[in-house]
$ cat entry-v4.pdb   # PDB, C-alpha atoms, pLDDT in the B column
ATOM      1  CA  MET P 282     -50.709 215.767 125.137  1.00 70.00           C
ATOM      2  CA  ASP P 283     -47.066 215.851 124.012  1.00 87.00           C
ATOM      3  CA  ILE P 284     -47.244 215.542 120.231  1.00 92.00           C
ATOM      4  CA  ASN P 285     -43.479 215.955 119.935  1.00 93.00           C
ATOM      5  CA  TYR P 286     -42.916 212.913 122.161  1.00 95.00           C
ATOM      6  CA  TYR P 287     -44.963 210.734 119.808  1.00 96.00           C
ATOM      7  CA  LEU P 288     -43.320 212.202 116.709  1.00 95.00           C
ATOM      8  CA  GLN P 289     -39.946 211.304 118.203  1.00 95.00           C
ATOM      9  CA  LEU P 290     -41.083 207.698 118.655  1.00 96.00           C
ATOM     10  CA  ILE P 291     -42.209 207.519 115.022  1.00 97.00           C
ATOM     11  CA  GLU P 292     -39.105 209.251 113.648  1.00 96.00           C
ATOM     12  CA  GLY P 293     -36.605 207.766 116.110  1.00 96.00           C
ATOM     13  CA  GLU P 294     -36.891 204.590 118.185  1.00 93.00           C
ATOM     14  CA  TYR P 295     -39.489 202.921 115.939  1.00 96.00           C
ATOM     15  CA  LYS P 296     -38.540 204.585 112.643  1.00 97.00           C
ATOM     16  CA  GLU P 297     -37.657 201.356 110.798  1.00 97.00           C
ATOM     17  CA  LYS P 298     -40.945 199.670 111.658  1.00 96.00           C
ATOM     18  CA  PHE P 299     -43.011 202.686 110.666  1.00 97.00           C
ATOM     19  CA  GLU P 300     -41.117 203.006 107.375  1.00 97.00           C
ATOM     20  CA  GLU P 301     -41.737 199.333 106.652  1.00 97.00           C
ATOM     21  CA  TYR P 302     -45.420 199.800 107.468  1.00 97.00           C
ATOM     22  CA  LYS P 303     -45.651 202.798 105.108  1.00 96.00           C
ATOM     23  CA  ASN P 304     -43.997 200.763 102.351  1.00 95.00           C
ATOM     24  CA  LEU P 305     -46.503 197.939 102.852  1.00 95.00           C
ATOM     25  CA  LEU P 306     -49.388 200.416 102.632  1.00 94.00           C
ATOM     26  CA  VAL P 307     -48.062 201.779  99.344  1.00 93.00           C
ATOM     27  CA  GLU P 308     -47.283 198.327  97.943  1.00 93.00           C
ATOM     28  CA  TYR P 309     -50.653 196.768  98.743  1.00 93.00           C
ATOM     29  CA  ASN P 310     -52.931 199.776  98.341  1.00 93.00           C
ATOM     30  CA  LYS P 311     -53.799 199.264  94.656  1.00 85.00           C
ATOM     31  CA  LYS P 312     -54.870 195.700  95.318  1.00 88.00           C
ATOM     32  CA  TYR P 313     -56.683 196.259  98.611  1.00 89.00           C
ATOM     33  CA  ASN P 314     -57.887 199.915  98.427  1.00 85.00           C
ATOM     34  CA  LEU P 315     -56.655 200.692 101.951  1.00 90.00           C
ATOM     35  CA  THR P 316     -56.258 204.474 102.011  1.00 88.00           C
ATOM     36  CA  ALA P 317     -56.306 207.613  99.871  1.00 88.00           C
ATOM     37  CA  ILE P 318     -53.437 209.034 101.947  1.00 87.00           C
ATOM     38  CA  LEU P 319     -50.074 207.730 100.703  1.00 86.00           C
ATOM     39  CA  ASP P 320     -47.695 210.731 100.718  1.00 88.00           C
ATOM     40  CA  ASP P 321     -44.969 210.560 103.364  1.00 88.00           C
ATOM     41  CA  LYS P 322     -46.187 213.491 105.467  1.00 92.00           C
ATOM     42  CA  GLY P 323     -49.825 212.444 105.264  1.00 90.00           C
ATOM     43  CA  VAL P 324     -49.100 208.881 106.322  1.00 94.00           C
ATOM     44  CA  LYS P 325     -46.874 210.014 109.183  1.00 96.00           C
ATOM     45  CA  ILE P 326     -49.325 212.560 110.618  1.00 95.00           C
ATOM     46  CA  LYS P 327     -52.808 211.455 109.582  1.00 93.00           C
ATOM     47  CA  HIS P 328     -52.250 207.726 110.084  1.00 95.00           C
ATOM     48  CA  PHE P 329     -49.268 207.047 112.360  1.00 97.00           C
ATOM     49  CA  LEU P 330     -49.244 210.058 114.705  1.00 97.00           C
ATOM     50  CA  ASP P 331     -53.028 210.182 114.802  1.00 96.00           C
ATOM     51  CA  SER P 332     -53.166 206.521 115.857  1.00 97.00           C
ATOM     52  CA  VAL P 333     -50.586 206.644 118.642  1.00 97.00           C
ATOM     53  CA  LEU P 334     -51.960 209.789 120.305  1.00 96.00           C
ATOM     54  CA  GLY P 335     -54.489 207.662 122.204  1.00 95.00           C
ATOM     55  CA  GLU P 336     -51.986 205.205 123.674  1.00 96.00           C
ATOM     56  CA  LYS P 337     -52.248 206.503 127.240  1.00 96.00           C
ATOM     57  CA  PHE P 338     -55.876 205.383 127.369  1.00 97.00           C
ATOM     58  CA  PHE P 339     -54.888 201.694 127.134  1.00 98.00           C
ATOM     59  CA  LYS P 340     -53.711 200.050 130.352  1.00 97.00           C
ATOM     60  CA  LYS P 341     -50.580 197.895 130.377  1.00 98.00           C
ATOM     61  CA  GLY P 342     -51.165 194.449 128.889  1.00 98.00           C
ATOM     62  CA  ALA P 343     -54.737 195.288 127.858  1.00 98.00           C
ATOM     63  CA  SER P 344     -56.743 193.024 125.579  1.00 98.00           C
ATOM     64  CA  VAL P 345     -58.069 195.335 122.855  1.00 98.00           C
ATOM     65  CA  ILE P 346     -60.569 194.673 120.079  1.00 98.00           C
ATOM     66  CA  GLU P 347     -60.575 197.002 117.088  1.00 98.00           C
ATOM     67  CA  ILE P 348     -63.702 197.394 114.959  1.00 98.00           C
ATOM     68  CA  GLY P 349     -63.359 198.118 111.242  1.00 96.00           C
ATOM     69  CA  SER P 350     -59.582 197.704 111.135  1.00 96.00           C
ATOM     70  CA  GLY P 351     -59.161 198.515 107.427  1.00 94.00           C
ATOM     71  CA  GLY P 352     -55.472 199.291 106.924  1.00 94.00           C
ATOM     72  CA  GLY P 353     -54.733 198.730 110.613  1.00 96.00           C
ATOM     73  CA  PHE P 354     -55.438 202.083 112.264  1.00 96.00           C
ATOM     74  CA  PRO P 355     -55.078 202.783 115.121  1.00 97.00           C
ATOM     75  CA  SER P 356     -54.141 199.202 116.105  1.00 98.00           C
ATOM     76  CA  THR P 357     -50.863 198.660 114.248  1.00 97.00           C
ATOM     77  CA  PRO P 358     -49.150 201.961 115.188  1.00 97.00           C
ATOM     78  CA  LEU P 359     -50.287 201.362 118.787  1.00 98.00           C
ATOM     79  CA  LYS P 360     -48.905 197.815 118.704  1.00 98.00           C
ATOM     80  CA  ILE P 361     -45.575 199.054 117.340  1.00 97.00           C
ATOM     81  CA  ILE P 362     -45.008 201.450 120.249  1.00 97.00           C
ATOM     82  CA  ARG P 363     -46.897 199.342 122.821  1.00 97.00           C
ATOM     83  CA  PRO P 364     -45.973 195.678 122.229  1.00 96.00           C
ATOM     84  CA  ASP P 365     -47.611 194.822 125.574  1.00 97.00           C
ATOM     85  CA  LEU P 366     -51.079 195.350 124.057  1.00 98.00           C
ATOM     86  CA  ARG P 367     -52.951 192.285 122.743  1.00 98.00           C
ATOM     87  CA  PHE P 368     -55.186 192.956 119.755  1.00 98.00           C
ATOM     88  CA  THR P 369     -58.134 191.315 118.054  1.00 98.00           C
ATOM     89  CA  LEU P 370     -58.865 192.994 114.724  1.00 98.00           C
ATOM     90  CA  VAL P 371     -62.406 192.827 113.331  1.00 98.00           C
ATOM     91  CA  GLU P 372     -62.691 193.522 109.600  1.00 97.00           C
ATOM     92  CA  SER P 373     -65.593 192.484 107.370  1.00 96.00           C
ATOM     93  CA  THR P 374     -63.697 192.766 104.049  1.00 95.00           C
ATOM     94  CA  GLY P 375     -61.671 189.654 103.287  1.00 96.00           C
ATOM     95  CA  LYS P 376     -59.026 191.418 101.174  1.00 95.00           C
ATOM     96  CA  LYS P 377     -58.282 193.850 103.966  1.00 95.00           C
ATOM     97  CA  CYS P 378     -57.899 190.911 106.354  1.00 97.00           C
ATOM     98  CA  GLU P 379     -55.286 189.505 103.955  1.00 96.00           C
ATOM     99  CA  PHE P 380     -53.360 192.776 104.166  1.00 96.00           C
ATOM    100  CA  LEU P 381     -53.631 192.867 107.958  1.00 97.00           C
ATOM    101  CA  GLN P 382     -52.156 189.366 108.091  1.00 97.00           C
ATOM    102  CA  VAL P 383     -49.191 190.522 105.993  1.00 96.00           C
ATOM    103  CA  VAL P 384     -48.654 193.408 108.434  1.00 96.00           C
ATOM    104  CA  VAL P 385     -48.825 191.090 111.443  1.00 96.00           C
ATOM    105  CA  ASP P 386     -46.406 188.600 109.877  1.00 95.00           C
ATOM    106  CA  LYS P 387     -43.862 191.236 108.856  1.00 94.00           C
ATOM    107  CA  LEU P 388     -44.107 193.799 111.657  1.00 92.00           C
ATOM    108  CA  VAL P 389     -45.604 192.654 114.950  1.00 87.00           C
ATOM    109  CA  HIS P 390     -45.468 188.835 114.871  1.00 84.00           C
ATOM    110  CA  LYS P 391     -47.513 187.993 117.969  1.00 93.00           C
ATOM    111  CA  ASP P 392     -50.563 188.819 120.103  1.00 97.00           C
ATOM    112  CA  VAL P 393     -52.693 189.930 117.150  1.00 98.00           C
ATOM    113  CA  ASN P 394     -55.741 187.936 116.037  1.00 98.00           C
ATOM    114  CA  ILE P 395     -57.632 188.830 112.839  1.00 98.00           C
ATOM    115  CA  LEU P 396     -61.344 188.064 112.482  1.00 98.00           C
ATOM    116  CA  ASN P 397     -63.101 188.358 109.105  1.00 98.00           C
ATOM    117  CA  ILE P 398     -66.555 189.044 110.574  1.00 98.00           C
ATOM    118  CA  ARG P 399     -69.102 191.826 110.865  1.00 97.00           C
ATOM    119  CA  ALA P 400     -69.011 193.762 114.129  1.00 97.00           C
ATOM    120  CA  GLU P 401     -72.711 193.229 114.800  1.00 96.00           C
ATOM    121  CA  ASP P 402     -72.234 189.454 114.543  1.00 97.00           C
ATOM    122  CA  GLY P 403     -69.162 189.502 116.760  1.00 98.00           C
ATOM    123  CA  GLY P 404     -70.980 191.537 119.386  1.00 97.00           C
ATOM    124  CA  LYS P 405     -73.460 188.681 119.869  1.00 97.00           C
ATOM    125  CA  ASP P 406     -70.765 185.964 120.011  1.00 98.00           C
ATOM    126  CA  LYS P 407     -70.402 184.705 123.590  1.00 97.00           C
ATOM    127  CA  SER P 408     -66.667 184.172 123.086  1.00 98.00           C
ATOM    128  CA  LEU P 409     -66.230 187.885 122.276  1.00 98.00           C
ATOM    129  CA  ARG P 410     -69.045 189.719 124.048  1.00 98.00           C
ATOM    130  CA  GLU P 411     -67.841 191.693 127.102  1.00 98.00           C
ATOM    131  CA  LYS P 412     -64.449 189.903 126.988  1.00 98.00           C
ATOM    132  CA  PHE P 413     -62.106 192.847 126.300  1.00 98.00           C
ATOM    133  CA  ASP P 414     -60.419 195.489 128.453  1.00 98.00           C
ATOM    134  CA  ALA P 415     -60.892 197.980 125.641  1.00 98.00           C
ATOM    135  CA  CYS P 416     -62.406 198.466 122.215  1.00 98.00           C
ATOM    136  CA  THR P 417     -61.240 201.019 119.681  1.00 98.00           C
ATOM    137  CA  ALA P 418     -62.327 202.287 116.278  1.00 97.00           C
ATOM    138  CA  ARG P 419     -61.404 205.112 113.937  1.00 93.00           C
ATOM    139  CA  ALA P 420     -63.563 206.737 111.258  1.00 76.00           C
ATOM    140  CA  VAL P 421     -66.096 203.905 111.000  1.00 79.00           C
ATOM    141  CA  ALA P 422     -69.447 205.600 111.721  1.00 91.00           C
ATOM    142  CA  ARG P 423     -71.070 208.352 113.759  1.00 94.00           C
ATOM    143  CA  LEU P 424     -70.518 207.977 117.477  1.00 97.00           C
ATOM    144  CA  ASN P 425     -74.014 206.783 118.405  1.00 96.00           C
ATOM    145  CA  VAL P 426     -73.765 204.038 115.757  1.00 97.00           C
ATOM    146  CA  LEU P 427     -70.212 203.211 116.737  1.00 97.00           C
ATOM    147  CA  CYS P 428     -71.170 202.754 120.383  1.00 98.00           C
ATOM    148  CA  GLU P 429     -73.704 200.064 119.442  1.00 98.00           C
ATOM    149  CA  TYR P 430     -71.015 198.219 117.485  1.00 97.00           C
ATOM    150  CA  CYS P 431     -68.280 198.600 120.086  1.00 98.00           C
ATOM    151  CA  LEU P 432     -69.586 198.717 123.670  1.00 98.00           C
ATOM    152  CA  PRO P 433     -70.946 195.127 123.594  1.00 98.00           C
ATOM    153  CA  PHE P 434     -67.346 193.859 123.360  1.00 98.00           C
ATOM    154  CA  VAL P 435     -66.104 195.725 126.448  1.00 98.00           C
ATOM    155  CA  LYS P 436     -65.985 194.283 129.963  1.00 98.00           C
ATOM    156  CA  VAL P 437     -67.695 196.270 132.705  1.00 98.00           C
ATOM    157  CA  GLY P 438     -64.928 198.547 133.988  1.00 98.00           C
ATOM    158  CA  GLY P 439     -63.238 198.654 130.583  1.00 98.00           C
ATOM    159  CA  TYR P 440     -63.227 201.395 127.939  1.00 98.00           C
ATOM    160  CA  PHE P 441     -64.305 202.150 124.408  1.00 98.00           C
ATOM    161  CA  ILE P 442     -61.722 204.531 122.930  1.00 98.00           C
ATOM    162  CA  ALA P 443     -63.178 206.294 119.892  1.00 98.00           C
ATOM    163  CA  TYR P 444     -61.004 208.243 117.456  1.00 97.00           C
ATOM    164  CA  LYS P 445     -63.064 211.003 115.856  1.00 95.00           C
ATOM    165  CA  GLY P 446     -62.548 214.263 113.997  1.00 92.00           C
ATOM    166  CA  ASP P 447     -64.314 217.430 115.111  1.00 88.00           C
ATOM    167  CA  ALA P 448     -67.023 215.585 117.049  1.00 89.00           C
ATOM    168  CA  GLU P 449     -68.803 218.028 119.372  1.00 92.00           C
ATOM    169  CA  GLU P 450     -72.164 217.481 117.652  1.00 94.00           C
ATOM    170  CA  GLU P 451     -71.704 213.696 117.586  1.00 95.00           C
ATOM    171  CA  ILE P 452     -70.879 213.594 121.297  1.00 96.00           C
ATOM    172  CA  ILE P 453     -74.110 215.413 122.149  1.00 96.00           C
ATOM    173  CA  GLU P 454     -76.076 213.208 119.752  1.00 96.00           C
ATOM    174  CA  ALA P 455     -74.633 210.011 121.298  1.00 97.00           C
ATOM    175  CA  GLN P 456     -75.372 210.775 124.969  1.00 97.00           C
ATOM    176  CA  ASN P 457     -78.479 208.608 125.195  1.00 97.00           C
ATOM    177  CA  ALA P 458     -76.993 205.735 123.178  1.00 98.00           C
ATOM    178  CA  VAL P 459     -73.962 205.660 125.472  1.00 98.00           C
ATOM    179  CA  LYS P 460     -76.212 205.455 128.529  1.00 98.00           C
ATOM    180  CA  ILE P 461     -78.499 202.763 127.084  1.00 98.00           C
ATOM    181  CA  LEU P 462     -75.525 200.622 126.051  1.00 98.00           C
ATOM    182  CA  GLY P 463     -73.955 200.699 129.517  1.00 98.00           C
ATOM    183  CA  GLY P 464     -71.379 203.429 129.034  1.00 98.00           C
ATOM    184  CA  LYS P 465     -70.415 206.818 130.412  1.00 98.00           C
ATOM    185  CA  ILE P 466     -68.326 209.410 128.591  1.00 98.00           C
ATOM    186  CA  GLU P 467     -65.421 209.923 130.966  1.00 97.00           C
ATOM    187  CA  LYS P 468     -63.029 212.090 128.971  1.00 97.00           C
ATOM    188  CA  VAL P 469     -62.733 213.853 125.629  1.00 96.00           C
ATOM    189  CA  GLU P 470     -59.237 214.909 124.599  1.00 96.00           C
ATOM    190  CA  ARG P 471     -59.026 217.349 121.699  1.00 94.00           C
ATOM    191  CA  VAL P 472     -55.806 217.537 119.710  1.00 93.00           C
ATOM    192  CA  GLU P 473     -54.749 219.747 116.798  1.00 92.00           C
ATOM    193  CA  LEU P 474     -52.607 217.685 114.438  1.00 93.00           C
ATOM    194  CA  PRO P 475     -49.461 219.372 113.041  1.00 92.00           C
ATOM    195  CA  ASP P 476     -49.256 221.043 109.616  1.00 86.00           C
ATOM    196  CA  GLU P 477     -52.948 221.950 109.638  1.00 84.00           C
ATOM    197  CA  ALA P 478     -53.852 218.272 109.346  1.00 83.00           C
ATOM    198  CA  GLY P 479     -57.061 218.785 111.286  1.00 88.00           C
ATOM    199  CA  VAL P 480     -58.587 218.186 114.693  1.00 92.00           C
ATOM    200  CA  ARG P 481     -58.685 214.865 116.497  1.00 93.00           C
ATOM    201  CA  ASN P 482     -60.960 214.053 119.426  1.00 95.00           C
ATOM    202  CA  ILE P 483     -60.146 210.940 121.434  1.00 97.00           C
ATOM    203  CA  ILE P 484     -63.214 209.931 123.423  1.00 97.00           C
ATOM    204  CA  ALA P 485     -62.880 207.618 126.418  1.00 98.00           C
ATOM    205  CA  ILE P 486     -66.185 205.910 127.261  1.00 98.00           C
ATOM    206  CA  LYS P 487     -66.144 203.779 130.399  1.00 98.00           C
ATOM    207  CA  LYS P 488     -68.318 200.653 130.529  1.00 98.00           C
ATOM    208  CA  ILE P 489     -70.228 200.959 133.798  1.00 98.00           C
ATOM    209  CA  ALA P 490     -72.993 198.378 133.234  1.00 98.00           C
ATOM    210  CA  PRO P 491     -73.583 195.340 130.998  1.00 98.00           C
ATOM    211  CA  THR P 492     -74.935 196.091 127.532  1.00 98.00           C
ATOM    212  CA  PRO P 493     -78.587 194.961 127.229  1.00 98.00           C
ATOM    213  CA  ILE P 494     -78.785 191.656 125.366  1.00 97.00           C
ATOM    214  CA  GLN P 495     -80.759 193.085 122.412  1.00 97.00           C
ATOM    215  CA  TYR P 496     -77.742 195.146 121.312  1.00 98.00           C
ATOM    216  CA  PRO P 497     -76.252 195.166 118.741  1.00 98.00           C
ATOM    217  CA  ARG P 498     -79.511 194.776 116.868  1.00 96.00           C
ATOM    218  CA  GLY P 499     -77.991 193.533 113.580  1.00 92.00           C
ATOM    219  CA  ASN P 500     -79.433 193.510 110.032  1.00 90.00           C
ATOM    220  CA  GLY P 501     -78.126 197.034 109.471  1.00 92.00           C
ATOM    221  CA  LYS P 502     -80.388 198.592 112.097  1.00 94.00           C
ATOM    222  CA  GLU P 503     -77.412 200.227 113.827  1.00 96.00           C
ATOM    223  CA  ARG P 504     -76.906 202.522 110.822  1.00 94.00           C
ATOM    224  CA  LYS P 505     -80.456 202.704 109.462  1.00 95.00           C
ATOM    225  CA  SER P 506     -82.056 203.526 112.802  1.00 95.00           C
ATOM    226  CA  PRO P 507     -79.410 204.740 115.272  1.00 95.00           C
ATOM    227  CA  ILE P 508     -80.237 204.925 118.962  1.00 96.00           C
ATOM    228  CA  LYS P 509     -81.497 208.430 119.702  1.00 87.00           C
TER     229      LYS P 509
END
$ encode --input "entry-v4.pdb" --output "structure tokens"
Amino acid sequence: MDINYYLQLIEGEYKEKFEEYKNLLVEYNKKYNLTAILDDKGVKIKHFLDSVLGEKFFKKGASVIEIGSGGGFPSTPLKIIRPDLRFTLVESTGKKCEFLQVVVDKLVHKDVNILNIRAEDGGKDKSLREKFDACTARAVARLNVLCEYCLPFVKVGGYFIAYKGDAEEEIIEAQNAVKILGGKIEKVERVELPDEAGVRNIIAIKKIAPTPIQYPRGNGKERKSPIK
């Protein structure tokens, strides 16, 4: 993976948009509690670069649903460099949805829909279930839990793209959940972020069969009693 290529996009062609995004994060953070990382280098590497490193896993023109959008990662950096992608952002906290709407209005303008709902409710909604080319999420829950939230949204043949830290143990732990939910781990790409900013694993899980109707289970069972 060419980290320098993505840094050049952030610091060159799309520099103005990324600077505006950083300024919005700083401006709205006290009100919305979006992130603990606000220094220039941290935002650039741990939020912006980290988010765009997975862009090759999204096909051209893909419809993508993001679970637990928070401050808009990885969706907004991806949308900045890949305007062809169409996003639906799922965020359960109303104030964070307000911030995401500001970002959409000021930075990306179109092909982004924001839903103030819980993922487990959305996964049972017929208008959303198995309707997307891809689902993505970053730092929301352990992988086995995350799969139950995310795979129900993905069409058969599509992908769940999970952004995780050092996740070797989680990948092993999630093997059975992935299988039960209709997925197959196709690729794990490990990246060392610059300036000792840590390890990133981008996990591509292909949807090879429909998710059984009982998932997601809801009522907090995904976290309280993860699929083993």
$ atom_distance --input "entry-v4.pdb" --atom1 "CA of Lys465 (chain P)" --atom2 "CA of Leu424 (chain P)"
13.0 Å
$ residues_around --input "entry-v4.pdb" --residues "Lys445 (chain P)" --least-positions-apart "5" --cutoff "7 Å" --atoms "all atoms listed in the file" --output "PyMOL selection string"
chain P and resi 419-420+481-483
$ closest_residue --input "entry-v4.pdb" --among "P:Val437, P:Ile398, P:Ala448, P:Ile361" --to "Glu411 (chain P)" --atoms "all atoms listed in the file"
P:Val437
$ resolve_selection --input "entry-v4.pdb" --expression "the PyMOL selection byres ((chain P and resi 494) around 12)" --output "NGL selection string"
:P and (404-407 or 410-411 or 429 or 432-434 or 461-463 or 490-493 or 495-499)
$ resolve_selection --input "entry-v4.pdb" --expression "the PyMOL selection byres ((chain P and resi 305-309) around 10)" --output "PyMOL selection string"
chain P and resi 299-304+310-316+318-320+324+352-353+377+380+383-384+387
$ write_last_selection --input "entry-v4.pdb" --atoms "C-alpha atoms" --output "compact mmCIF listing (two decimals), in the coordinates of the input"
# COMPACT_ATOMS: atom_id res chain seq x y z
CA PHE P 299 -43.01 202.69 110.67
CA GLU P 300 -41.12 203.01 107.38
CA GLU P 301 -41.74 199.33 106.65
CA TYR P 302 -45.42 199.80 107.47
CA LYS P 303 -45.65 202.80 105.11
CA ASN P 304 -44.00 200.76 102.35
CA ASN P 310 -52.93 199.78 98.34
CA LYS P 311 -53.80 199.26 94.66
CA LYS P 312 -54.87 195.70 95.32
CA TYR P 313 -56.68 196.26 98.61
CA ASN P 314 -57.89 199.92 98.43
CA LEU P 315 -56.66 200.69 101.95
CA THR P 316 -56.26 204.47 102.01
CA ILE P 318 -53.44 209.03 101.95
CA LEU P 319 -50.07 207.73 100.70
CA ASP P 320 -47.70 210.73 100.72
CA VAL P 324 -49.10 208.88 106.32
CA GLY P 352 -55.47 199.29 106.92
CA GLY P 353 -54.73 198.73 110.61
CA LYS P 377 -58.28 193.85 103.97
CA PHE P 380 -53.36 192.78 104.17
CA VAL P 383 -49.19 190.52 105.99
CA VAL P 384 -48.65 193.41 108.43
CA LYS P 387 -43.86 191.24 108.86
$ resolve_selection --input "entry-v4.pdb" --expression "the PyMOL selection byres ((chain P and resi 333) around 8)" --output "list in words"
Tyr287, Phe329, Leu330, Asp331, Ser332, Leu334, Gly335, Glu336, Pro355, Pro358, Leu359 and Ile362 of chain P
$ atom_distance --input "entry-v4.pdb" --atom1 "CA of Lys296 (chain P)" --atom2 "CA of Arg367 (chain P)"
21.5 Å
$ closest_residue --input "entry-v4.pdb" --among "P:Leu366, P:Leu288, P:Ala317, P:Val389" --to "Gly342 (chain P)" --atoms "all atoms listed in the file"
P:Leu366
$ residues_around --input "entry-v4.pdb" --residues "Tyr440 (chain P)" --least-positions-apart "4" --cutoff "7 Å" --atoms "only C-alpha atoms" --output "VMD selection string"
chain P and resid 414 to 416 435 485 to 488
$ closest_residue --input "entry-v4.pdb" --among "P:Asp321, P:Glu467, P:Glu473, P:Asp365" --to "Asp447 (chain P)" --atoms "all atoms listed in the file"
P:Glu473
$ atom_distance --input "entry-v4.pdb" --atom1 "CA of Leu396 (chain P)" --atom2 "CA of Phe354 (chain P)"
15.2 Å
$ axis_aligned_box --input "entry-v4.pdb" --around "region 353-366 of chain P" --padding-each-side "4 Å" --output "AutoDock Vina command-line options"
--center_x -50.2 --center_y 198.8 --center_z 118.1 --size_x 18.4 --size_y 16.0 --size_z 23.0
$ residues_around --input "entry-v4.pdb" --residues "Ile346 (chain P)" --least-positions-apart "4" --cutoff "10 Å" --atoms "all atoms listed in the file" --output "number ranges by chain"
P: 350, 356, 367-371, 393-395, 409, 412-418, 431, 434-435, 441
$ residues_around --input "entry-v4.pdb" --residues "Asn397 (chain P)" --least-positions-apart "3" --cutoff "7 Å" --atoms "only C-alpha atoms" --output "ChimeraX atom specification"
/P:371-375,378
$ closest_residue --input "entry-v4.pdb" --among "P:Gly349, P:Tyr430, P:Gly446, P:Lys337" --to "Asp283 (chain P)" --atoms "all atoms listed in the file"
P:Lys337
